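This is run_30.cif (mmCIF, C-alpha atoms).
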```
data_input
loop_
_atom_site.label_atom_id
_atom_site.label_comp_id
_atom_site.auth_asym_id
_atom_site.auth_seq_id
_atom_site.Cartn_x
_atom_site.Cartn_y
_atom_site.Cartn_z
CA MET A 27 -184.31 144.55 -38.26
CA ARG A 28 -183.94 140.82 -38.14
CA HIS A 29 -185.78 139.97 -41.36
CA PHE A 30 -183.21 141.88 -43.42
CA ARG A 31 -180.85 139.04 -42.65
CA TRP A 32 -183.21 136.76 -44.53
CA PRO A 33 -184.14 138.80 -47.54
CA LEU A 34 -185.25 135.84 -49.63
CA ILE A 35 -187.53 134.37 -46.96
CA GLY A 36 -188.86 137.82 -46.28
CA LEU A 37 -189.66 138.31 -49.94
CA LEU A 38 -191.26 134.89 -50.25
CA LEU A 39 -193.45 135.39 -47.21
CA GLY A 40 -194.29 138.87 -48.37
CA ALA A 41 -195.37 137.47 -51.72
CA LEU A 42 -197.34 134.60 -50.17
CA SER A 43 -199.18 136.67 -47.67
CA ALA A 44 -201.73 138.93 -49.26
CA CYS A 45 -202.32 141.02 -46.15
CA GLY A 46 -198.60 141.58 -45.62
CA GLU A 47 -198.07 139.81 -42.28
CA GLU A 48 -194.65 139.89 -40.72
CA PRO A 49 -192.58 136.73 -41.02
CA ALA A 50 -192.17 134.78 -37.79
CA SER A 51 -189.06 135.89 -36.00
CA ASP A 52 -187.76 136.74 -32.58
CA SER A 53 -187.38 140.38 -33.48
CA VAL A 54 -188.78 143.00 -31.17
CA ARG A 55 -192.45 143.41 -31.96
CA GLU A 56 -194.55 146.49 -32.01
CA THR A 57 -196.53 146.64 -28.77
CA GLY A 58 -198.01 149.53 -26.87
CA LEU A 59 -194.80 149.96 -24.87
CA ALA A 60 -191.70 151.65 -26.25
CA PRO A 61 -188.82 149.14 -25.90
CA ASP A 62 -186.61 151.58 -24.00
CA THR A 63 -189.26 152.19 -21.33
CA ILE A 64 -189.83 148.58 -20.33
CA VAL A 65 -189.44 147.89 -16.62
CA SER A 66 -190.40 144.95 -14.45
CA GLY A 67 -193.17 145.16 -11.85
CA TYR A 68 -190.27 145.08 -9.38
CA ALA A 69 -189.60 148.76 -10.16
CA PHE A 70 -193.02 149.70 -8.82
CA LEU A 71 -192.52 148.03 -5.42
CA THR A 72 -191.44 149.84 -2.29
CA PRO A 73 -187.75 149.38 -1.36
CA GLU A 74 -188.88 147.24 1.60
CA THR A 75 -190.78 144.83 -0.63
CA GLN A 76 -187.92 144.78 -3.14
CA SER A 77 -185.48 143.74 -0.45
CA GLU A 78 -187.95 141.10 0.73
CA GLN A 79 -188.05 139.66 -2.78
CA ASP A 80 -184.26 139.78 -3.09
CA ASP A 81 -183.69 137.98 0.20
CA ASP A 82 -183.85 134.28 -0.60
CA PHE A 83 -184.66 133.39 2.94
CA LEU A 84 -187.21 136.07 3.65
CA ASN A 85 -189.17 135.80 0.40
CA PRO A 86 -192.28 133.81 1.40
CA ALA A 87 -192.75 132.56 -2.18
CA ASN A 88 -189.78 130.28 -1.51
CA LEU A 89 -192.06 128.18 0.68
CA TRP A 90 -193.74 127.14 -2.59
CA VAL A 91 -190.40 126.68 -4.34
CA ASP A 92 -189.33 124.32 -1.53
CA GLU A 93 -192.59 122.41 -1.76
CA GLY A 94 -192.41 122.24 -5.57
CA GLY A 95 -188.83 120.97 -5.38
CA LYS A 96 -189.98 118.14 -3.13
CA LEU A 97 -192.84 117.24 -5.47
CA PHE A 98 -190.43 117.34 -8.41
CA LEU A 99 -188.30 114.67 -6.74
CA SER A 100 -191.12 112.50 -5.47
CA GLU A 101 -192.79 109.70 -7.40
CA THR A 102 -196.37 110.32 -8.44
CA GLY A 103 -197.65 106.96 -7.25
CA VAL A 104 -197.69 104.84 -10.39
CA SER A 105 -194.81 106.40 -12.22
CA ALA A 106 -191.45 108.07 -11.97
CA ALA A 107 -190.73 111.47 -10.51
CA CYS A 108 -190.35 114.56 -12.70
CA ALA A 109 -186.68 114.53 -11.76
CA SER A 110 -186.12 111.06 -13.24
CA CYS A 111 -186.39 112.65 -16.72
CA HIS A 112 -185.65 116.28 -15.98
CA GLY A 113 -182.98 115.86 -13.34
CA GLU A 114 -179.97 116.05 -15.59
CA GLY A 115 -178.71 116.30 -19.15
CA ASP A 116 -180.63 117.81 -22.08
CA MET A 117 -183.94 117.44 -20.32
CA ARG A 118 -183.04 119.81 -17.50
CA LEU A 119 -185.56 122.57 -17.14
CA ASP A 120 -183.25 125.54 -16.62
CA GLY A 121 -184.58 128.21 -18.92
CA ALA A 122 -187.61 126.16 -19.99
CA ALA A 123 -190.10 128.53 -18.38
CA THR A 124 -188.84 131.45 -20.46
CA ARG A 125 -190.35 129.82 -23.55
CA TYR A 126 -193.89 129.40 -22.19
CA PRO A 127 -196.65 129.65 -23.25
CA THR A 128 -195.84 127.80 -26.42
CA ILE A 129 -197.39 125.32 -28.84
CA ASP A 130 -197.67 121.71 -27.77
CA HIS A 131 -196.65 120.00 -30.97
CA ALA A 132 -198.60 116.82 -30.30
CA SER A 133 -201.95 118.58 -30.07
CA GLY A 134 -201.28 121.92 -31.77
CA GLU A 135 -202.74 123.68 -28.74
CA LEU A 136 -201.22 126.58 -26.88
CA VAL A 137 -200.04 125.48 -23.42
CA ASN A 138 -198.56 127.37 -20.53
CA LEU A 139 -196.30 125.97 -17.85
CA GLU A 140 -199.23 124.71 -15.79
CA GLY A 141 -200.62 123.01 -18.90
CA ARG A 142 -197.27 121.46 -19.74
CA ILE A 143 -196.87 120.04 -16.25
CA ASN A 144 -200.32 118.46 -16.52
CA LEU A 145 -199.56 117.08 -20.00
CA CYS A 146 -196.37 115.56 -18.63
CA ARG A 147 -198.39 113.98 -15.84
CA THR A 148 -201.01 112.45 -18.12
CA ARG A 149 -198.72 111.45 -20.99
CA HIS A 150 -195.59 110.32 -19.23
CA GLN A 151 -196.38 109.76 -15.58
CA GLN A 152 -199.77 108.02 -15.83
CA ALA A 153 -201.02 110.47 -13.24
CA ASP A 154 -204.15 112.59 -13.07
CA PRO A 155 -203.81 116.22 -14.07
CA LEU A 156 -203.64 118.60 -11.15
CA GLU A 157 -206.41 121.12 -10.66
CA TYR A 158 -205.57 124.64 -11.79
CA GLU A 159 -204.58 126.88 -8.86
CA SER A 160 -204.31 123.86 -6.55
CA GLU A 161 -201.40 123.97 -4.13
CA PRO A 162 -199.42 121.13 -5.77
CA LEU A 163 -199.72 122.65 -9.25
CA LEU A 164 -198.80 126.11 -7.96
CA SER A 165 -195.81 124.66 -6.13
CA LEU A 166 -194.56 122.70 -9.14
CA THR A 167 -195.07 125.63 -11.51
CA THR A 168 -193.28 128.01 -9.18
CA TYR A 169 -190.41 125.58 -8.74
CA VAL A 170 -189.98 125.01 -12.47
CA ALA A 171 -190.28 128.73 -13.23
CA SER A 172 -187.74 129.53 -10.52
CA LEU A 173 -185.18 127.43 -12.42
CA SER A 174 -185.24 130.17 -15.08
CA ARG A 175 -184.82 133.00 -12.62
CA GLY A 176 -182.68 135.78 -14.07
CA GLN A 177 -182.98 134.50 -17.64
CA ALA A 178 -184.60 136.63 -20.32
CA ILE A 179 -188.16 135.78 -21.29
CA SER A 180 -188.23 134.54 -24.87
CA THR A 181 -189.69 136.83 -27.51
CA ALA A 182 -189.54 134.10 -30.15
CA LEU A 183 -192.79 133.57 -31.99
CA SER A 184 -193.33 130.68 -34.40
CA THR A 185 -195.82 130.90 -37.23
CA ASP A 186 -198.16 128.60 -35.28
CA GLU A 187 -197.93 130.87 -32.28
CA GLN A 188 -198.62 133.95 -34.36
CA VAL A 189 -202.37 133.18 -34.46
CA PHE A 190 -202.57 132.94 -30.67
CA TYR A 191 -200.42 136.04 -30.31
CA GLU A 192 -202.96 138.04 -32.29
CA VAL A 193 -205.81 136.69 -30.11
CA GLY A 194 -203.91 137.72 -27.00
CA LYS A 195 -203.10 141.12 -28.42
CA THR A 196 -206.77 141.66 -29.23
CA TYR A 197 -207.77 140.62 -25.72
CA PHE A 198 -205.23 143.08 -24.30
CA ASN A 199 -206.50 145.94 -26.42
CA THR A 200 -210.25 145.31 -26.21
CA ARG A 201 -212.32 147.41 -23.84
CA ARG A 202 -214.62 145.35 -21.63
CA GLY A 203 -216.63 145.34 -18.44
CA GLN A 204 -218.74 148.00 -16.78
CA PHE A 205 -215.76 150.36 -16.63
CA ASN A 206 -215.17 149.81 -20.34
CA LEU A 207 -211.41 149.48 -19.92
CA SER A 208 -208.88 147.35 -21.70
CA CYS A 209 -205.54 146.19 -20.29
CA ARG A 210 -204.01 148.81 -22.56
CA GLU A 211 -205.71 151.76 -20.85
CA CYS A 212 -203.80 151.11 -17.63
CA HIS A 213 -200.68 149.18 -18.54
CA ASP A 214 -199.67 150.80 -21.85
CA LEU A 215 -201.02 154.31 -21.58
CA ASN A 216 -201.04 155.16 -17.87
CA TRP A 217 -198.37 153.11 -16.15
CA GLY A 218 -196.40 155.02 -13.54
CA LYS A 219 -199.44 157.07 -12.58
CA GLN A 220 -201.41 156.69 -9.39
CA LEU A 221 -204.58 154.65 -9.24
CA ARG A 222 -205.81 155.72 -5.82
CA GLY A 223 -203.10 154.47 -3.45
CA ASP A 224 -201.31 152.33 -5.97
CA THR A 225 -198.86 152.98 -8.79
CA ILE A 226 -199.94 151.37 -12.05
CA SER A 227 -197.34 148.90 -13.30
CA GLN A 228 -196.69 147.92 -16.89
CA GLY A 229 -198.40 144.61 -16.30
CA HIS A 230 -195.55 142.24 -17.05
CA SER A 231 -195.77 138.54 -16.31
CA ASN A 232 -192.11 137.93 -15.46
CA GLY A 233 -192.63 137.38 -11.71
CA PHE A 234 -195.49 134.90 -11.85
CA PRO A 235 -196.47 132.71 -10.12
CA ALA A 236 -195.92 135.43 -7.55
CA TYR A 237 -196.58 136.03 -3.89
CA ARG A 238 -199.06 138.87 -3.77
CA LEU A 239 -199.36 140.89 -0.61
CA GLU A 240 -203.04 141.48 -1.36
CA TRP A 241 -203.67 137.73 -1.52
CA GLN A 242 -201.36 136.97 1.40
CA THR A 243 -200.41 133.93 -0.62
CA LEU A 244 -198.92 132.80 -3.90
CA GLY A 245 -201.03 132.70 -7.04
CA SER A 246 -200.84 132.09 -10.76
CA LEU A 247 -200.83 134.62 -13.57
CA HIS A 248 -204.39 133.61 -14.45
CA ARG A 249 -205.52 134.43 -10.94
CA ARG A 250 -203.93 137.87 -11.48
CA PHE A 251 -205.80 138.20 -14.81
CA ARG A 252 -209.04 137.29 -13.07
CA ASP A 253 -208.44 139.98 -10.46
CA CYS A 254 -207.76 142.54 -13.19
CA ASP A 255 -210.93 141.56 -15.06
CA ALA A 256 -212.98 141.65 -11.86
CA GLY A 257 -211.43 145.03 -11.05
CA ILE A 258 -212.75 146.56 -14.24
CA ARG A 259 -216.05 144.74 -13.62
CA ALA A 260 -215.68 142.44 -16.55
CA GLU A 261 -216.47 138.75 -16.31
CA PRO A 262 -213.29 136.89 -15.38
CA ARG A 263 -212.40 134.00 -17.68
CA THR A 264 -211.86 130.58 -16.18
CA TYR A 265 -208.41 129.36 -15.19
CA GLY A 266 -206.53 128.06 -18.20
CA SER A 267 -209.06 129.51 -20.66
CA ALA A 268 -208.06 130.07 -24.28
CA ASP A 269 -208.26 133.85 -23.90
CA TYR A 270 -205.96 133.89 -20.89
CA LEU A 271 -203.47 131.53 -22.53
CA ALA A 272 -203.33 133.77 -25.59
CA LEU A 273 -203.00 136.84 -23.36
CA GLU A 274 -200.16 135.11 -21.52
CA LEU A 275 -198.41 134.57 -24.86
CA TYR A 276 -198.89 138.21 -25.82
CA LEU A 277 -197.41 139.29 -22.49
CA ARG A 278 -194.43 136.98 -22.96
CA VAL A 279 -193.55 138.73 -26.20
CA ARG A 280 -194.53 142.15 -24.85
CA ALA A 281 -192.02 141.80 -21.99
CA GLN A 282 -189.30 141.99 -24.66
CA GLY A 283 -186.71 140.00 -22.82
CA LEU A 284 -187.21 141.09 -19.23
CA PRO A 285 -185.51 138.65 -16.87
CA MET A 286 -187.70 136.10 -15.05
CA GLU A 287 -188.13 136.97 -11.39
CA THR A 288 -190.20 134.01 -10.19
CA PRO A 289 -190.63 133.68 -7.25
CA ALA A 290 -191.43 137.38 -7.09
CA ILE A 291 -193.41 139.45 -4.63
CA ARG A 292 -196.04 141.78 -5.98
CA ARG A 293 -198.55 144.04 -4.30
CA MET B 22 -196.77 119.44 8.76
CA ALA B 23 -196.59 122.99 7.55
CA ALA B 24 -193.75 124.16 5.35
CA ILE B 25 -191.05 125.75 7.49
CA ARG B 26 -187.84 127.62 6.71
CA ILE B 27 -185.24 128.08 9.43
CA SER B 28 -182.02 130.05 9.27
CA ALA B 29 -179.49 129.47 12.02
CA LEU B 30 -175.69 129.31 12.13
CA LYS B 31 -174.32 125.78 12.34
CA THR B 32 -171.33 126.88 14.38
CA ALA B 33 -170.83 129.80 16.70
CA LYS B 34 -168.36 131.00 19.30
CA ALA B 35 -169.33 130.73 22.96
CA GLY B 36 -170.93 133.96 24.11
CA GLU B 37 -171.64 135.11 20.55
CA ILE B 38 -175.01 136.66 19.81
CA ILE B 39 -176.63 134.70 16.99
CA GLU B 40 -179.45 135.68 14.70
CA LEU B 41 -182.25 133.18 14.16
CA LYS B 42 -184.88 133.40 11.45
CA ALA B 43 -188.04 131.35 11.26
CA LEU B 44 -190.70 131.37 8.54
CA ILE B 45 -193.76 129.12 8.55
CA ARG B 46 -196.48 128.71 6.00
CA HIS B 47 -199.85 129.46 7.54
CA LYS B 48 -202.88 131.33 6.25
CA MET B 49 -203.50 133.15 9.57
CA GLU B 50 -207.19 133.55 8.76
CA THR B 51 -208.40 136.40 10.96
CA GLY B 52 -212.00 135.32 11.50
CA PHE B 53 -213.16 138.79 10.51
CA ARG B 54 -213.51 138.14 6.80
CA ARG B 55 -216.52 136.92 4.88
CA GLY B 56 -216.71 134.64 1.87
CA SER B 57 -218.37 135.35 -1.47
CA ARG B 58 -221.76 134.27 -0.08
CA GLY B 59 -221.44 136.45 2.99
CA GLU B 60 -220.67 133.59 5.35
CA ALA B 61 -218.12 134.22 8.08
CA ILE B 62 -214.76 132.55 7.42
CA PRO B 63 -213.78 130.98 10.73
CA ARG B 64 -210.64 132.10 12.48
CA ASP B 65 -207.64 129.84 11.96
CA ILE B 66 -204.40 131.17 13.37
CA ILE B 67 -201.18 130.16 15.06
CA THR B 68 -201.40 131.32 18.64
CA HIS B 69 -197.97 130.60 20.04
CA PHE B 70 -194.35 130.32 19.02
CA VAL B 71 -191.44 129.23 21.13
CA CYS B 72 -187.76 128.63 20.43
CA LEU B 73 -186.17 126.08 22.74
CA TYR B 74 -182.39 125.99 23.12
CA ASN B 75 -181.55 122.58 24.57
CA GLY B 76 -185.04 122.48 26.01
CA GLU B 77 -184.95 125.95 27.51
CA ALA B 78 -187.18 128.66 26.06
CA VAL B 79 -185.07 131.53 24.75
CA PHE B 80 -187.76 133.30 22.76
CA GLU B 81 -191.55 133.16 22.90
CA ALA B 82 -194.29 135.02 21.06
CA ASP B 83 -198.07 135.06 21.16
CA PHE B 84 -199.77 135.55 17.81
CA PHE B 85 -203.09 137.29 17.27
CA PRO B 86 -205.45 137.69 14.28
CA SER B 87 -203.67 140.77 12.97
CA VAL B 88 -200.43 138.86 12.32
CA ALA B 89 -199.97 138.45 8.55
CA ALA B 90 -200.12 135.13 6.72
CA ASN B 91 -196.88 133.11 6.66
CA PRO B 92 -195.49 134.75 9.80
CA PHE B 93 -191.79 135.49 9.82
CA LEU B 94 -189.67 136.11 12.91
CA ILE B 95 -186.12 137.29 13.40
CA PHE B 96 -184.73 137.13 16.90
CA TYR B 97 -181.43 136.76 18.72
CA THR B 98 -179.97 134.62 21.42
CA ARG B 99 -176.55 134.05 22.97
CA ALA B 100 -174.71 130.90 21.95
CA THR B 101 -173.80 129.09 25.17
CA GLU B 102 -173.38 125.38 24.46
CA SER B 103 -173.64 122.91 21.59
CA GLY B 104 -177.00 121.31 21.10
CA THR B 105 -180.29 121.79 19.34
CA LEU B 106 -182.57 124.69 18.69
CA GLU B 107 -186.20 123.71 18.37
CA PHE B 108 -188.64 126.07 16.71
CA ARG B 109 -192.19 125.23 17.67
CA TRP B 110 -195.47 126.75 16.52
CA THR B 111 -198.83 125.87 18.10
CA ASP B 112 -202.08 126.72 16.37
CA GLN B 113 -205.44 127.44 17.96
CA HIS B 114 -206.42 123.76 17.69
CA GLY B 115 -203.31 122.71 19.61
CA THR B 116 -201.56 121.29 16.52
CA VAL B 117 -197.82 121.64 16.84
CA SER B 118 -195.43 122.18 13.92
CA SER B 119 -191.76 122.14 14.72
CA GLN B 120 -188.32 121.93 13.24
CA THR B 121 -184.94 121.63 14.86
CA ALA B 122 -181.52 122.92 13.95
CA ASN B 123 -178.23 121.76 15.40
CA ILE B 124 -175.67 124.23 16.59
CA SER B 125 -172.10 123.54 17.65
CA VAL B 126 -170.52 126.08 19.95
CA GLU B 127 -166.75 126.45 20.14
CA SER B 128 -165.21 127.99 23.21
#
```

Give the structure from this file in structure tokens form.
Amino acid sequence: MRHFRWPLIGLLLGALSACGEEPASDSVRETGLAPDTIVSGYAFLTPETQSEQDDDFLNPANLWVDEGGKLFLSETGVSAACASCHGEGDMRLDGAATRYPTIDHASGELVNLEGRINLCRTRHQQADPLEYESEPLLSLTTYVASLSRGQAISTALSTDEQVFYEVGKTYFNTRRGQFNLSCRECHDLNWGKQLRGDTISQGHSNGFPAYRLEWQTLGSLHRRFRDCDAGIRAEPRTYGSADYLALELYLRVRAQGLPMETPAIRR
Amino acid sequence: MAAIRISALKTAKAGEIIELKALIRHKMETGFRRGSRGEAIPRDIITHFVCLYNGEAVFEADFFPSVAANPFLIFYTRATESGTLEFRWTDQHGTVSSQTANISVES
């Protein structure tokens, strides 16, 4: 109970907020998953696929990590390489991916890792933003996310993020599509059960961008969302849409500190 | 040039059996699939792989449409002399992607 450590702030916020919202904190939040049952999508893979993910040579997602690492070091044409800022010192990106999505303070918008890379390109590198789901953006995102491999995903939620968190939570819990299913129906209430030939996972985001066997390639979390929405015969949102960004934020908090596995393999 | 990952020992003893691993990025499009508008997606696959040890083929493989994307091979050869191992993939258009690894063999 983190807010007991800050009784005064808790009281103040309680007094200020008529509807009794929780103060912003990194405490474990109430989601549809009991904290002691949380497991990564890794747990739902076959032992063969698990060992493929664990083997740094064999894991095909490392092809994208390699490529992203090269792009990170290379100049973008008119400006310096990512590595010229982020190569060493305080600006290193180890652990950075655990904090995304988060608020971009300059614009007040919610951005994910893909969005941050593109903001860096337009603001600091005088380069054009990369198209969502394009190979260079996937490679860079996978490379940057892989620098946080093994680190716990942040559950911290600022007051600014709180609004987006609620949007994401609503998206997660809202039934939609011809099957009239929400994310919750599968990933909170029925994980571990069989859906035809497949075991339903808890739907965590800690391995993305991930190499999916179904895709036979690597893809972003938003591509995964689109597949889920198409699967329940709902209209998929566009890549980088506000709904998906908010959902991504909800999933970050919902993972409750699972370690990052990017580059992971998923079915 | 396609992205390639090679794993080979840098040094080996003469006569030792060495494990070689080769992974290449390729979509291996089967030619049997159709796009969202029902149009056939043309076949695009790697058809041949060869590993040359100082110019001599020590392992060869023919690939067909059922081989998965980003094909991965593990195979073995006997270390005989110092030199280079060349891993060479040829696709159906005749485009060659290759990478070499040096090996030094101690007697």

Q: Please evaluate the PyMOL selection byres ((chain B) within 8 of (chain A)) against the displayed coordinates and give the resulting residues as a list of chain:residue names.
A: B:Ala24, B:Ile25, B:Arg26, B:Ser28, B:Leu44, B:Arg46, B:Lys48, B:Ala89, B:Ala90, B:Asn91, B:Phe93

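Once the PyMOL selection byres ((chain A and resi 134) around 12) is applied to the depicted file, the selected set reads Thr128, Ile129, Asp130, His131, Ala132, Ser133, Glu135, Leu136, Val137, Thr185, Asp186, Glu187, Val189 and Phe190 of chain A.
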
Q. Can you list what the PyMOL selection byres ((chain A and resi 260-272) around 8) grabs from this structure, as an MDAnalysis selection string?
A. chainID A and resid 127 136:138 141 158:159 190:195 197 202:205 248:249 251:253 255:259 273:276

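Reported to one decimal place, the separation of CA of Trp217 in chain A from CA of Gly283 in chain A is 18.8 Å.
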
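Using only C-alpha atoms, the shortest contact distance between Thr167 in chain A and any of A:Leu99, A:Leu139, A:Cys111, A:Leu119 is found at A:Leu139.
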
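Between CA of Val88 in chain B and CA of Thr68 in chain B the interatomic distance comes to 9.9 Å.
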
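Using all atoms listed in the file, the residues found no farther than 12 Å from Pro63 in chain B, other than those of its own chain fewer than 5 positions away, are Lys48, Met49, Glu50, Thr51, Gly52, Phe53, Arg54, Arg55, Gly56, Pro86 and Gln113 of chain B.
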
Writing out the chosen residues with C-alpha atoms as a CSV table (one decimal), in the coordinates of the input:
```csv
chain,number,residue,atom,x,y,z
B,48,LYS,CA,-202.9,131.3,6.2
B,49,MET,CA,-203.5,133.2,9.6
B,50,GLU,CA,-207.2,133.6,8.8
B,51,THR,CA,-208.4,136.4,11.0
B,52,GLY,CA,-212.0,135.3,11.5
B,53,PHE,CA,-213.2,138.8,10.5
B,54,ARG,CA,-213.5,138.1,6.8
B,55,ARG,CA,-216.5,136.9,4.9
B,56,GLY,CA,-216.7,134.6,1.9
B,86,PRO,CA,-205.4,137.7,14.3
B,113,GLN,CA,-205.4,127.4,18.0
```

Pick out the residues sitting within 12 Å of Lys96 in chain A, and hand them over as a JSON list (two decimals) with C-alpha atoms, keeping the file's coordinate frame; count only C-alpha atoms, and ignore anything fewer than 6 positions along from it in its own chain.
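What landed in selection-v8.json:
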```
[["chain", "number", "residue", "atom", "x", "y", "z"],
["A", 89, "LEU", "CA", -192.06, 128.18, 0.68],
["A", 90, "TRP", "CA", -193.74, 127.14, -2.59],
["A", 102, "THR", "CA", -196.37, 110.32, -8.44],
["A", 107, "ALA", "CA", -190.73, 111.47, -10.51],
["A", 108, "CYS", "CA", -190.35, 114.56, -12.70],
["A", 109, "ALA", "CA", -186.68, 114.53, -11.76],
["A", 162, "PRO", "CA", -199.42, 121.13, -5.77],
["A", 165, "SER", "CA", -195.81, 124.66, -6.13],
["A", 166, "LEU", "CA", -194.56, 122.70, -9.14],
["A", 169, "TYR", "CA", -190.41, 125.58, -8.74],
["A", 170, "VAL", "CA", -189.98, 125.01, -12.47],
["B", 24, "ALA", "CA", -193.75, 124.16, 5.35]]
```

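Between CA of Phe234 in chain A and CA of Thr75 in chain A lies a distance of 15.7 Å.
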
(Q) Residues within 7 Å of range 96-103 of chain B, please, as a ChimeraX atom specification. Count only C-alpha atoms; anything in the same chain fewer than 3 positions from it doesn't count. (A) /B:33-42,79,124-126

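If you measure from each of B:Asp112, B:Ala61, B:Asn75, B:Leu30 to His47 in chain B using only C-alpha atoms, the closest one turns out to be B:Asp112.
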
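Here the question is which of A:Gln220, A:Gln79, A:Gln282, A:Asn144 gets nearest to Gly58 in chain A using all atoms listed in the file, and that residue is A:Gln282.
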
Write out as a PDB file with C-alpha atoms, keeping the file's coordinate frame each polymer residue whose atoms come within 9 Å of Ser174 in chain A, counting only C-alpha atoms; drop sequence neighbours fewer than 6 positions from it.
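selection-v9.pdb written:
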```
ATOM      1  CA  LEU A 119    -185.560 122.570 -17.140  1.00  0.00           C
ATOM      2  CA  ASP A 120    -183.250 125.540 -16.620  1.00  0.00           C
ATOM      3  CA  GLY A 121    -184.580 128.210 -18.920  1.00  0.00           C
ATOM      4  CA  ALA A 122    -187.610 126.160 -19.990  1.00  0.00           C
ATOM      5  CA  ALA A 123    -190.100 128.530 -18.380  1.00  0.00           C
ATOM      6  CA  THR A 124    -188.840 131.450 -20.460  1.00  0.00           C
ATOM      7  CA  PRO A 285    -185.510 138.650 -16.870  1.00  0.00           C
ATOM      8  CA  MET A 286    -187.700 136.100 -15.050  1.00  0.00           C
ATOM      9  CA  GLU A 287    -188.130 136.970 -11.390  1.00  0.00           C
ATOM     10  CA  THR A 288    -190.200 134.010 -10.190  1.00  0.00           C
TER      11      THR A 288
END
```
